[in-house]
Amino acid sequence: MNNTRNIIRQSKTLVGPFPEFNVKDVSECPHELFLEWFKAAIDSGVHEPHAMTLSTTDHNGFPDARVLIIKDVDQDGWYFASSSQSNKGKQIEVNPNVALTFYWSQVGRQIRIRGTARKMDKDMSANDFLNRGVTARAIALIGKQSSIVKDQIEFEQEFEKQIYHIEQNPNIVSPTWTLYRVTASEVEFWQADEERKHIRLKYSNEGDEWIRTQLWA
Ligand SMILES: Cc1cc2nc3c(=O)[nH]c(=O)nc-3n(C[C@H](O)[C@H](O)[C@H](O)COP(=O)(O)O)c2cc1C
């Protein structure tokens, strides 16, 4: 066996101990179970539990994925924010069907959400923007997310210019910064088991109710 394969095989996964997951005793709505697991992740010291992978498809149907921060979760869905002019923003414009994936290794939990992303109104997007740190706002104001950096000096100059801009106008908002909400059609909760008897519970949206099914791991 080659060295790379050896190194990979020696890396441990799903070591545990893991929390219980009783599929018979769960909330009727997936966002409630999500919030329960999210709080448990924080209590267990999961690093950056609010980081998730957003998957989209481009205009050729080719998949794309990147890590983002989840901004809020409520009965209407899962919220994230980005530039509408970024690659992901343009992809969502063409195909709003997306997937969100969370993985919290310390508790052996994965959550998969499939749904449709929709832009929230300007006030909600502006509010999200103004709650960001100065540096993050300056970068967003440059407004070039996902385009090519031609030279680092230009980047630094643009950055300094926008920092100055914010100092002069603290309430300035990027016109492309957008809060999106993902309305879920399916949400799957996956709990690792140290003996590999993993547990999967899927919520599927059927009109105004959620149907729960347990899946083979
Ligand atoms: C932990 C982490 C959090 C991130 N959070 C965000 C975010 O909330 N919004 C965002 O636009 N990009 C965020 N990024 C950057 C994205 O992963 C990505 O590089 C960027 O949005 C451009 O993606 P795109 O070219 O597919 O549009 C984050 C990256 C990491 C690693």
# chains A, B, ... in the order shown; residues from 1 in each chain; ligands from 1
$ closest_atom_pairs --of "chain A" --to "ligand 1" --cutoff "7 Å" --atoms "only C-alpha atoms and all ligand atoms" --output "tab-separated table"
residue	atom	partner	partner_atom_place_in_ligand_line	distance
A:Ala51	CA	ligand 1	1 (C)	5.4
A:Asp64	CA	ligand 1	26 (O)	6.9
A:Ala65	CA	ligand 1	26 (O)	6.5
A:Arg66	CA	ligand 1	17 (O)	4.5
A:Val67	CA	ligand 1	17 (O)	4.1
A:Leu68	CA	ligand 1	5 (N)	3.5
A:Ile69	CA	ligand 1	8 (O)	4.1
A:Ile70	CA	ligand 1	8 (O)	6.8
A:Phe80	CA	ligand 1	8 (O)	6.3
A:Ala81	CA	ligand 1	9 (N)	5.4
A:Ser82	CA	ligand 1	11 (O)	3.7
A:Ser83	CA	ligand 1	11 (O)	6.0
A:Ser86	CA	ligand 1	27 (O)	4.2
A:Asn87	CA	ligand 1	27 (O)	3.8
A:Lys88	CA	ligand 1	27 (O)	3.8
A:Gly89	CA	ligand 1	27 (O)	6.2
A:Gln145	CA	ligand 1	22 (C)	6.1
A:Ser146	CA	ligand 1	25 (O)	4.2
$ write_last_selection --atoms "all heavy atoms" --output "compact mmCIF listing (two decimals), in the first residue's frame"
# COMPACT_ATOMS: atom_id res chain seq x y z
N ALA A 51 -20.64 27.13 10.57
CA ALA A 51 -20.06 27.02 9.22
C ALA A 51 -20.70 25.82 8.52
O ALA A 51 -20.85 24.74 9.10
CB ALA A 51 -18.56 26.84 9.31
N ASP A 64 -21.22 22.99 -7.68
CA ASP A 64 -20.22 23.86 -7.06
C ASP A 64 -20.55 23.88 -5.57
O ASP A 64 -21.71 23.67 -5.18
CB ASP A 64 -20.35 25.28 -7.66
CG ASP A 64 -19.07 26.08 -7.53
OD1 ASP A 64 -18.14 25.61 -6.84
OD2 ASP A 64 -19.01 27.18 -8.10
N ALA A 65 -19.55 24.10 -4.73
CA ALA A 65 -19.80 24.10 -3.29
C ALA A 65 -18.76 24.95 -2.59
O ALA A 65 -17.62 25.04 -3.07
CB ALA A 65 -19.76 22.68 -2.75
N ARG A 66 -19.16 25.57 -1.50
CA ARG A 66 -18.23 26.37 -0.70
C ARG A 66 -18.79 26.51 0.70
O ARG A 66 -19.99 26.27 0.92
CB ARG A 66 -17.95 27.75 -1.31
CG ARG A 66 -19.02 28.78 -1.14
CD ARG A 66 -20.29 28.51 -1.89
NE ARG A 66 -20.17 28.72 -3.32
CZ ARG A 66 -20.92 28.12 -4.23
NH1 ARG A 66 -21.87 27.27 -3.86
NH2 ARG A 66 -20.77 28.34 -5.51
N VAL A 67 -17.90 26.91 1.63
CA VAL A 67 -18.31 27.04 3.03
C VAL A 67 -18.82 28.47 3.27
O VAL A 67 -18.23 29.44 2.79
CB VAL A 67 -17.12 26.74 3.97
CG1 VAL A 67 -17.49 27.01 5.43
CG2 VAL A 67 -16.69 25.29 3.80
N LEU A 68 -19.93 28.56 3.99
CA LEU A 68 -20.51 29.86 4.36
C LEU A 68 -20.93 29.80 5.83
O LEU A 68 -20.97 28.72 6.42
CB LEU A 68 -21.78 30.17 3.56
CG LEU A 68 -21.74 30.38 2.06
CD1 LEU A 68 -23.10 30.87 1.61
CD2 LEU A 68 -20.69 31.37 1.65
N ILE A 69 -21.31 30.96 6.34
CA ILE A 69 -21.82 31.04 7.71
C ILE A 69 -23.35 31.08 7.65
O ILE A 69 -23.92 31.81 6.85
CB ILE A 69 -21.30 32.34 8.38
CG1 ILE A 69 -19.78 32.28 8.57
CG2 ILE A 69 -22.01 32.63 9.70
CD1 ILE A 69 -19.29 31.24 9.54
N ILE A 70 -23.98 30.28 8.51
CA ILE A 70 -25.44 30.36 8.62
C ILE A 70 -25.76 31.56 9.51
O ILE A 70 -25.12 31.78 10.53
CB ILE A 70 -26.04 29.04 9.18
CG1 ILE A 70 -27.55 29.02 9.06
CG2 ILE A 70 -25.65 28.76 10.61
CD1 ILE A 70 -28.03 28.57 7.72
N PHE A 80 -28.53 32.60 4.84
CA PHE A 80 -27.11 32.90 4.65
C PHE A 80 -27.01 34.19 3.86
O PHE A 80 -28.01 34.66 3.27
CB PHE A 80 -26.37 31.75 3.95
CG PHE A 80 -26.80 31.51 2.53
CD1 PHE A 80 -26.23 32.21 1.47
CD2 PHE A 80 -27.78 30.58 2.23
CE1 PHE A 80 -26.63 31.99 0.16
CE2 PHE A 80 -28.20 30.35 0.92
CZ PHE A 80 -27.62 31.06 -0.12
N ALA A 81 -25.81 34.80 3.83
CA ALA A 81 -25.66 36.08 3.12
C ALA A 81 -24.41 36.06 2.26
O ALA A 81 -23.39 35.46 2.64
CB ALA A 81 -25.60 37.22 4.11
N SER A 82 -24.50 36.71 1.11
CA SER A 82 -23.37 36.78 0.20
C SER A 82 -23.66 37.86 -0.84
O SER A 82 -24.73 38.47 -0.82
CB SER A 82 -23.16 35.43 -0.47
OG SER A 82 -21.92 35.42 -1.13
N SER A 83 -22.71 38.02 -1.76
CA SER A 83 -22.94 38.97 -2.85
C SER A 83 -23.78 38.30 -3.94
O SER A 83 -23.47 37.18 -4.37
CB SER A 83 -21.60 39.41 -3.44
OG SER A 83 -21.84 40.01 -4.70
N SER A 86 -21.62 37.35 -6.87
CA SER A 86 -20.60 36.29 -6.76
C SER A 86 -21.02 35.13 -7.65
O SER A 86 -22.15 35.08 -8.15
CB SER A 86 -20.50 35.82 -5.31
OG SER A 86 -21.73 35.21 -4.93
N ASN A 87 -20.12 34.16 -7.80
CA ASN A 87 -20.48 32.97 -8.60
C ASN A 87 -21.73 32.32 -8.04
O ASN A 87 -22.66 31.97 -8.79
CB ASN A 87 -19.32 31.97 -8.61
CG ASN A 87 -18.20 32.42 -9.53
OD1 ASN A 87 -18.38 33.34 -10.32
ND2 ASN A 87 -17.06 31.78 -9.41
N LYS A 88 -21.76 32.14 -6.71
CA LYS A 88 -22.92 31.45 -6.13
C LYS A 88 -24.20 32.24 -6.36
O LYS A 88 -25.26 31.69 -6.63
CB LYS A 88 -22.69 31.16 -4.64
CG LYS A 88 -22.83 32.38 -3.75
CD LYS A 88 -22.50 32.11 -2.31
CE LYS A 88 -21.03 32.22 -2.01
NZ LYS A 88 -20.35 33.48 -2.44
N GLY A 89 -24.08 33.61 -6.27
CA GLY A 89 -25.25 34.46 -6.47
C GLY A 89 -25.80 34.31 -7.88
O GLY A 89 -27.01 34.17 -8.08
N GLN A 145 -16.46 39.98 -5.38
CA GLN A 145 -16.36 38.59 -4.95
C GLN A 145 -16.42 37.64 -6.15
O GLN A 145 -17.29 37.79 -7.01
CB GLN A 145 -17.47 38.24 -3.95
CG GLN A 145 -17.23 36.91 -3.27
CD GLN A 145 -18.29 36.57 -2.23
OE1 GLN A 145 -19.46 36.54 -2.53
NE2 GLN A 145 -17.86 36.31 -1.01
N SER A 146 -15.50 36.72 -6.20
CA SER A 146 -15.38 35.67 -7.22
C SER A 146 -14.77 36.14 -8.54
O SER A 146 -14.61 35.35 -9.46
CB SER A 146 -16.70 34.95 -7.51
OG SER A 146 -17.32 34.57 -6.33
$ select_by_dssp --residues "stretch 25-152 of chain A" --states "helix (DSSP H, G or I)" --output "MDAnalysis selection string"
chainID A and resid 30:43 87:94 105:107 122:130 134:142 152
$ residues_around --residues "A:Tyr79" --least-positions-apart "5" --cutoff "9 Å" --atoms "only C-alpha atoms" --output "PyMOL selection string"
chain A and resi 69-74+117+179-182
$ select_by_dssp --residues "chain A" --states "strand (DSSP E)" --output "PyMOL selection string"
chain A and resi 51-57+63-74+77-83+97-104+109-119+177-191+199-206+209-215
$ residues_around --residues "stretch 2-12 of chain A" --least-positions-apart "4" --cutoff "12 Å" --atoms "only C-alpha atoms" --output "PDB file with N, CA, C and O atoms, in the first residue's frame"
ATOM      1  N   GLY A  16     -16.074   8.959  18.767  1.00  0.00           N
ATOM      2  CA  GLY A  16     -17.002   9.027  19.888  1.00  0.00           C
ATOM      3  C   GLY A  16     -16.313   9.448  21.177  1.00  0.00           C
ATOM      4  O   GLY A  16     -15.123   9.799  21.139  1.00  0.00           O
ATOM      5  N   SER A 105     -17.940  17.137  13.860  1.00  0.00           N
ATOM      6  CA  SER A 105     -17.229  15.877  14.128  1.00  0.00           C
ATOM      7  C   SER A 105     -17.220  15.495  15.605  1.00  0.00           C
ATOM      8  O   SER A 105     -17.303  14.312  15.934  1.00  0.00           O
ATOM      9  N   GLU A 194     -20.573   4.639  17.406  1.00  0.00           N
ATOM     10  CA  GLU A 194     -19.184   4.121  17.477  1.00  0.00           C
ATOM     11  C   GLU A 194     -19.053   2.718  16.888  1.00  0.00           C
ATOM     12  O   GLU A 194     -18.007   2.328  16.409  1.00  0.00           O
TER      13      GLU A 194
END
$ closest_atom_pairs --of "stretch 47-151 of chain A" --to "stretch 17-24 of chain A" --cutoff "9 Å" --atoms "only C-alpha atoms" --output "JSON lines"
{"residue": "A:Gln106", "atom": "CA", "partner": "A:Phe18", "partner_atom": "CA", "distance": 7.9}
{"residue": "A:Val107", "atom": "CA", "partner": "A:Phe18", "partner_atom": "CA", "distance": 5.3}
{"residue": "A:Gly108", "atom": "CA", "partner": "A:Phe18", "partner_atom": "CA", "distance": 6.3}
{"residue": "A:Arg109", "atom": "CA", "partner": "A:Phe18", "partner_atom": "CA", "distance": 8.7}
$ residues_around --residues "A:Ala126" --least-positions-apart "3" --cutoff "8 Å" --atoms "only C-alpha atoms" --output "PDB file with N, CA, C and O atoms, in the first residue's frame"
ATOM      1  N   LYS A 122     -34.477  44.184   0.757  1.00  0.00           N
ATOM      2  CA  LYS A 122     -33.302  45.063   0.897  1.00  0.00           C
ATOM      3  C   LYS A 122     -33.010  45.401   2.360  1.00  0.00           C
ATOM      4  O   LYS A 122     -31.858  45.451   2.776  1.00  0.00           O
ATOM      5  N   ASP A 123     -34.084  45.621   3.163  1.00  0.00           N
ATOM      6  CA  ASP A 123     -33.873  45.985   4.567  1.00  0.00           C
ATOM      7  C   ASP A 123     -33.196  44.859   5.337  1.00  0.00           C
ATOM      8  O   ASP A 123     -32.287  45.097   6.132  1.00  0.00           O
ATOM      9  N   PHE A 129     -25.789  43.200   6.532  1.00  0.00           N
ATOM     10  CA  PHE A 129     -24.528  43.835   6.130  1.00  0.00           C
ATOM     11  C   PHE A 129     -23.972  44.694   7.266  1.00  0.00           C
ATOM     12  O   PHE A 129     -22.786  44.618   7.597  1.00  0.00           O
ATOM     13  N   LEU A 130     -24.848  45.497   7.873  1.00  0.00           N
ATOM     14  CA  LEU A 130     -24.386  46.437   8.907  1.00  0.00           C
ATOM     15  C   LEU A 130     -23.963  45.732  10.186  1.00  0.00           C
ATOM     16  O   LEU A 130     -23.268  46.306  11.017  1.00  0.00           O
ATOM     17  N   VAL A 173     -24.144  50.719   2.712  1.00  0.00           N
ATOM     18  CA  VAL A 173     -24.482  49.303   2.521  1.00  0.00           C
ATOM     19  C   VAL A 173     -24.103  48.899   1.092  1.00  0.00           C
ATOM     20  O   VAL A 173     -24.360  49.651   0.143  1.00  0.00           O
ATOM     21  N   SER A 174     -23.554  47.713   0.952  1.00  0.00           N
ATOM     22  CA  SER A 174     -23.230  47.218  -0.390  1.00  0.00           C
ATOM     23  C   SER A 174     -24.533  46.937  -1.143  1.00  0.00           C
ATOM     24  O   SER A 174     -25.419  46.253  -0.610  1.00  0.00           O
ATOM     25  N   TRP A 177     -24.963  43.074  -1.540  1.00  0.00           N
ATOM     26  CA  TRP A 177     -24.981  42.147  -0.399  1.00  0.00           C
ATOM     27  C   TRP A 177     -26.417  41.672  -0.179  1.00  0.00           C
ATOM     28  O   TRP A 177     -27.337  42.476  -0.055  1.00  0.00           O
ATOM     29  N   THR A 178     -26.594  40.365  -0.130  1.00  0.00           N
ATOM     30  CA  THR A 178     -27.953  39.816  -0.131  1.00  0.00           C
ATOM     31  C   THR A 178     -28.117  38.734   0.922  1.00  0.00           C
ATOM     32  O   THR A 178     -27.274  37.839   1.034  1.00  0.00           O
TER      33      THR A 178
END
$ closest_residue --among "A:Ala192, A:Ile172, A:Ala40, A:Val46" --to "A:Arg132" --atoms "only C-alpha atoms"
A:Ile172
$ residues_around --residues "A:Arg200" --least-positions-apart "5" --cutoff "10 Å" --atoms "only C-alpha atoms" --output "short mmCIF file (atom, residue, chain, number, x, y, z; two decimals) with all heavy atoms, in the first residue's frame"
data_model
loop_
_atom_site.label_atom_id
_atom_site.label_comp_id
_atom_site.auth_asym_id
_atom_site.auth_seq_id
_atom_site.Cartn_x
_atom_site.Cartn_y
_atom_site.Cartn_z
N PHE A 21 -29.47 9.44 19.95
CA PHE A 21 -30.43 10.03 19.02
C PHE A 21 -31.64 9.09 18.97
O PHE A 21 -31.61 8.05 18.31
CB PHE A 21 -29.80 10.20 17.63
CG PHE A 21 -30.71 10.83 16.60
CD1 PHE A 21 -31.73 11.70 16.98
CD2 PHE A 21 -30.53 10.57 15.25
CE1 PHE A 21 -32.56 12.29 16.02
CE2 PHE A 21 -31.35 11.15 14.29
CZ PHE A 21 -32.38 12.01 14.68
N VAL A 23 -34.97 8.53 17.55
CA VAL A 23 -35.78 9.05 16.43
C VAL A 23 -37.28 9.08 16.76
O VAL A 23 -38.06 9.72 16.05
CB VAL A 23 -35.55 8.27 15.11
CG1 VAL A 23 -34.14 8.45 14.62
CG2 VAL A 23 -35.91 6.81 15.27
N ARG A 109 -22.21 14.30 14.07
CA ARG A 109 -23.51 14.64 13.49
C ARG A 109 -23.37 15.36 12.15
O ARG A 109 -22.55 16.28 12.03
CB ARG A 109 -24.32 15.51 14.45
CG ARG A 109 -24.85 14.71 15.62
CD ARG A 109 -25.58 15.55 16.64
NE ARG A 109 -26.34 14.68 17.53
CZ ARG A 109 -27.06 15.08 18.58
NH1 ARG A 109 -27.13 16.36 18.87
NH2 ARG A 109 -27.73 14.21 19.31
N GLN A 110 -24.18 14.92 11.21
CA GLN A 110 -24.26 15.59 9.91
C GLN A 110 -25.72 15.98 9.67
O GLN A 110 -26.62 15.17 9.94
CB GLN A 110 -23.80 14.64 8.80
CG GLN A 110 -24.03 15.20 7.40
CD GLN A 110 -23.67 14.19 6.31
OE1 GLN A 110 -22.77 14.42 5.51
NE2 GLN A 110 -24.38 13.07 6.27
N ILE A 111 -25.93 17.19 9.14
CA ILE A 111 -27.30 17.60 8.77
C ILE A 111 -27.25 18.03 7.30
O ILE A 111 -26.39 18.83 6.91
CB ILE A 111 -27.81 18.76 9.65
CG1 ILE A 111 -27.77 18.35 11.13
CG2 ILE A 111 -29.24 19.15 9.24
CD1 ILE A 111 -28.11 19.46 12.10
N GLU A 188 -32.16 16.02 6.49
CA GLU A 188 -31.75 14.72 7.04
C GLU A 188 -30.78 14.90 8.20
O GLU A 188 -29.79 15.63 8.09
CB GLU A 188 -31.07 13.88 5.96
CG GLU A 188 -30.75 12.49 6.48
CD GLU A 188 -29.71 11.77 5.65
OE1 GLU A 188 -29.89 11.65 4.43
OE2 GLU A 188 -28.70 11.33 6.24
N PHE A 189 -31.07 14.21 9.29
CA PHE A 189 -30.21 14.24 10.48
C PHE A 189 -29.50 12.88 10.56
O PHE A 189 -30.16 11.83 10.54
CB PHE A 189 -31.07 14.46 11.73
CG PHE A 189 -31.72 15.83 11.76
CD1 PHE A 189 -32.93 16.05 11.10
CD2 PHE A 189 -31.12 16.88 12.42
CE1 PHE A 189 -33.53 17.31 11.10
CE2 PHE A 189 -31.71 18.15 12.42
CZ PHE A 189 -32.91 18.36 11.77
N TRP A 190 -28.20 12.93 10.67
CA TRP A 190 -27.37 11.71 10.67
C TRP A 190 -26.54 11.70 11.95
O TRP A 190 -25.81 12.65 12.23
CB TRP A 190 -26.47 11.76 9.45
CG TRP A 190 -25.64 10.54 9.14
CD1 TRP A 190 -25.95 9.57 8.25
CD2 TRP A 190 -24.34 10.20 9.65
NE1 TRP A 190 -24.93 8.64 8.18
CE2 TRP A 190 -23.93 9.01 9.05
CE3 TRP A 190 -23.49 10.80 10.59
CZ2 TRP A 190 -22.71 8.40 9.33
CZ3 TRP A 190 -22.27 10.19 10.89
CH2 TRP A 190 -21.90 9.00 10.25
N GLN A 191 -26.73 10.65 12.72
CA GLN A 191 -25.98 10.52 13.97
C GLN A 191 -25.04 9.33 13.88
O GLN A 191 -25.47 8.20 13.64
CB GLN A 191 -26.95 10.32 15.15
CG GLN A 191 -26.28 10.01 16.47
CD GLN A 191 -25.42 11.17 16.99
OE1 GLN A 191 -25.96 12.22 17.31
NE2 GLN A 191 -24.11 11.00 17.05
N ALA A 192 -23.76 9.61 14.08
CA ALA A 192 -22.77 8.52 14.06
C ALA A 192 -22.92 7.65 15.29
O ALA A 192 -23.32 8.10 16.37
CB ALA A 192 -21.36 9.11 14.02
N THR A 213 -39.02 9.81 8.12
CA THR A 213 -38.70 8.42 7.78
C THR A 213 -37.27 8.12 8.24
O THR A 213 -36.39 8.99 8.14
CB THR A 213 -38.78 8.14 6.26
OG1 THR A 213 -38.31 9.28 5.55
CG2 THR A 213 -40.16 7.81 5.80
N GLN A 214 -37.08 6.91 8.72
CA GLN A 214 -35.72 6.50 9.10
C GLN A 214 -35.09 5.81 7.89
O GLN A 214 -35.76 5.02 7.20
CB GLN A 214 -35.75 5.58 10.31
CG GLN A 214 -34.38 5.43 10.93
CD GLN A 214 -34.38 4.63 12.23
OE1 GLN A 214 -35.42 4.42 12.82
NE2 GLN A 214 -33.21 4.20 12.63
N LEU A 215 -33.84 6.11 7.62
CA LEU A 215 -33.16 5.55 6.44
C LEU A 215 -32.06 4.58 6.87
O LEU A 215 -31.44 4.77 7.93
CB LEU A 215 -32.52 6.66 5.61
CG LEU A 215 -33.44 7.81 5.15
CD1 LEU A 215 -32.62 8.87 4.43
CD2 LEU A 215 -34.54 7.29 4.24
N TRP A 216 -31.80 3.58 6.02
CA TRP A 216 -30.65 2.70 6.27
C TRP A 216 -29.36 3.53 6.19
O TRP A 216 -29.23 4.37 5.30
CB TRP A 216 -30.59 1.59 5.23
CG TRP A 216 -31.62 0.53 5.42
CD1 TRP A 216 -32.85 0.46 4.85
CD2 TRP A 216 -31.50 -0.62 6.27
NE1 TRP A 216 -33.52 -0.65 5.29
CE2 TRP A 216 -32.73 -1.34 6.15
CE3 TRP A 216 -30.51 -1.12 7.12
CZ2 TRP A 216 -32.95 -2.53 6.85
CZ3 TRP A 216 -30.73 -2.29 7.80
CH2 TRP A 216 -31.95 -2.98 7.67
N ALA A 217 -28.47 3.22 7.07
CA ALA A 217 -27.21 3.98 7.05
C ALA A 217 -26.27 3.38 6.03
O ALA A 217 -26.42 2.24 5.63
CB ALA A 217 -26.57 3.96 8.42
#
$ atom_distance --atom1 "atom CA of A:His59" --atom2 "atom CA of A:Ser125"
25.1 Å
$ atom_distance --atom1 "atom CA of A:Thr56" --atom2 "atom CA of A:Phe34"
21.4 Å
$ closest_atom_pairs --of "stretch 123-149 of chain A" --to "stretch 155-168 of chain A" --cutoff "8 Å" --atoms "only C-alpha atoms" --output "Markdown table"
| residue | atom | partner | partner_atom | distance |
| --- | --- | --- | --- | --- |
| A:Val134 | CA | A:Ile163 | CA | 7.2 |
| A:Thr135 | CA | A:Ile163 | CA | 7.3 |
| A:Ala138 | CA | A:Gln162 | CA | 5.0 |
| A:Ile139 | CA | A:Phe159 | CA | 6.4 |
| A:Leu141 | CA | A:Gln162 | CA | 6.6 |
| A:Ile142 | CA | A:Glu158 | CA | 6.6 |
| A:Val149 | CA | A:Phe155 | CA | 7.1 |
$ write_last_selection --atoms "all heavy atoms" --output "compact mmCIF listing (two decimals), in the first residue's frame"
# COMPACT_ATOMS: atom_id res chain seq x y z
N VAL A 134 -16.01 45.65 10.26
CA VAL A 134 -15.58 46.68 9.29
C VAL A 134 -14.82 46.07 8.12
O VAL A 134 -15.07 46.40 6.95
CB VAL A 134 -14.69 47.73 10.00
CG1 VAL A 134 -14.13 48.73 9.01
CG2 VAL A 134 -15.48 48.45 11.08
N THR A 135 -13.91 45.15 8.41
CA THR A 135 -13.10 44.54 7.34
C THR A 135 -14.00 43.79 6.36
O THR A 135 -13.87 43.95 5.14
CB THR A 135 -12.08 43.56 7.95
OG1 THR A 135 -11.38 44.24 8.96
CG2 THR A 135 -11.12 43.06 6.92
N ALA A 138 -15.83 46.22 4.24
CA ALA A 138 -14.96 46.85 3.24
C ALA A 138 -14.75 45.91 2.05
O ALA A 138 -14.84 46.33 0.90
CB ALA A 138 -13.63 47.24 3.87
N ILE A 139 -14.50 44.64 2.34
CA ILE A 139 -14.28 43.67 1.25
C ILE A 139 -15.55 43.57 0.39
O ILE A 139 -15.48 43.57 -0.83
CB ILE A 139 -13.93 42.27 1.83
CG1 ILE A 139 -12.68 42.32 2.70
CG2 ILE A 139 -13.83 41.22 0.72
CD1 ILE A 139 -11.36 42.22 2.01
N LEU A 141 -17.83 45.80 0.02
CA LEU A 141 -18.07 47.05 -0.73
C LEU A 141 -17.22 47.13 -2.00
O LEU A 141 -17.60 47.78 -2.97
CB LEU A 141 -17.79 48.27 0.16
CG LEU A 141 -18.93 48.64 1.11
CD1 LEU A 141 -18.46 49.66 2.13
CD2 LEU A 141 -20.16 49.16 0.36
N ILE A 142 -16.07 46.47 -1.96
CA ILE A 142 -15.25 46.44 -3.19
C ILE A 142 -16.11 45.80 -4.29
O ILE A 142 -16.05 46.21 -5.45
CB ILE A 142 -13.93 45.66 -2.97
CG1 ILE A 142 -13.07 46.37 -1.93
CG2 ILE A 142 -13.16 45.52 -4.29
CD1 ILE A 142 -11.81 45.61 -1.52
N VAL A 149 -8.33 38.59 -9.02
CA VAL A 149 -7.47 39.64 -8.45
C VAL A 149 -6.30 39.79 -9.42
O VAL A 149 -5.52 38.86 -9.60
CB VAL A 149 -6.92 39.24 -7.06
CG1 VAL A 149 -5.95 40.29 -6.53
CG2 VAL A 149 -8.05 39.01 -6.06
$ closest_residue --among "A:Tyr203, A:Trp210, A:Phe102, A:Trp78" --to "A:Ala41" --atoms "only C-alpha atoms"
A:Phe102
$ atom_distance --atom1 "atom CA of A:Tyr103" --atom2 "atom CA of A:Glu36"
14.8 Å
$ residues_around --residues "A:Asp25" --least-positions-apart "6" --cutoff "12 Å" --atoms "only C-alpha atoms" --output "list in words"
Leu33, Leu201 and Arg212 of chain A
$ write_last_selection --atoms "C-alpha atoms" --output "PDB file, in the first residue's frame"
ATOM      1  CA  LEU A  33     -34.475  19.558  15.851  1.00  0.00           C
ATOM      2  CA  LEU A 201     -33.750  10.453  10.049  1.00  0.00           C
ATOM      3  CA  ARG A 212     -40.408  11.568   9.044  1.00  0.00           C
TER       4      ARG A 212
END
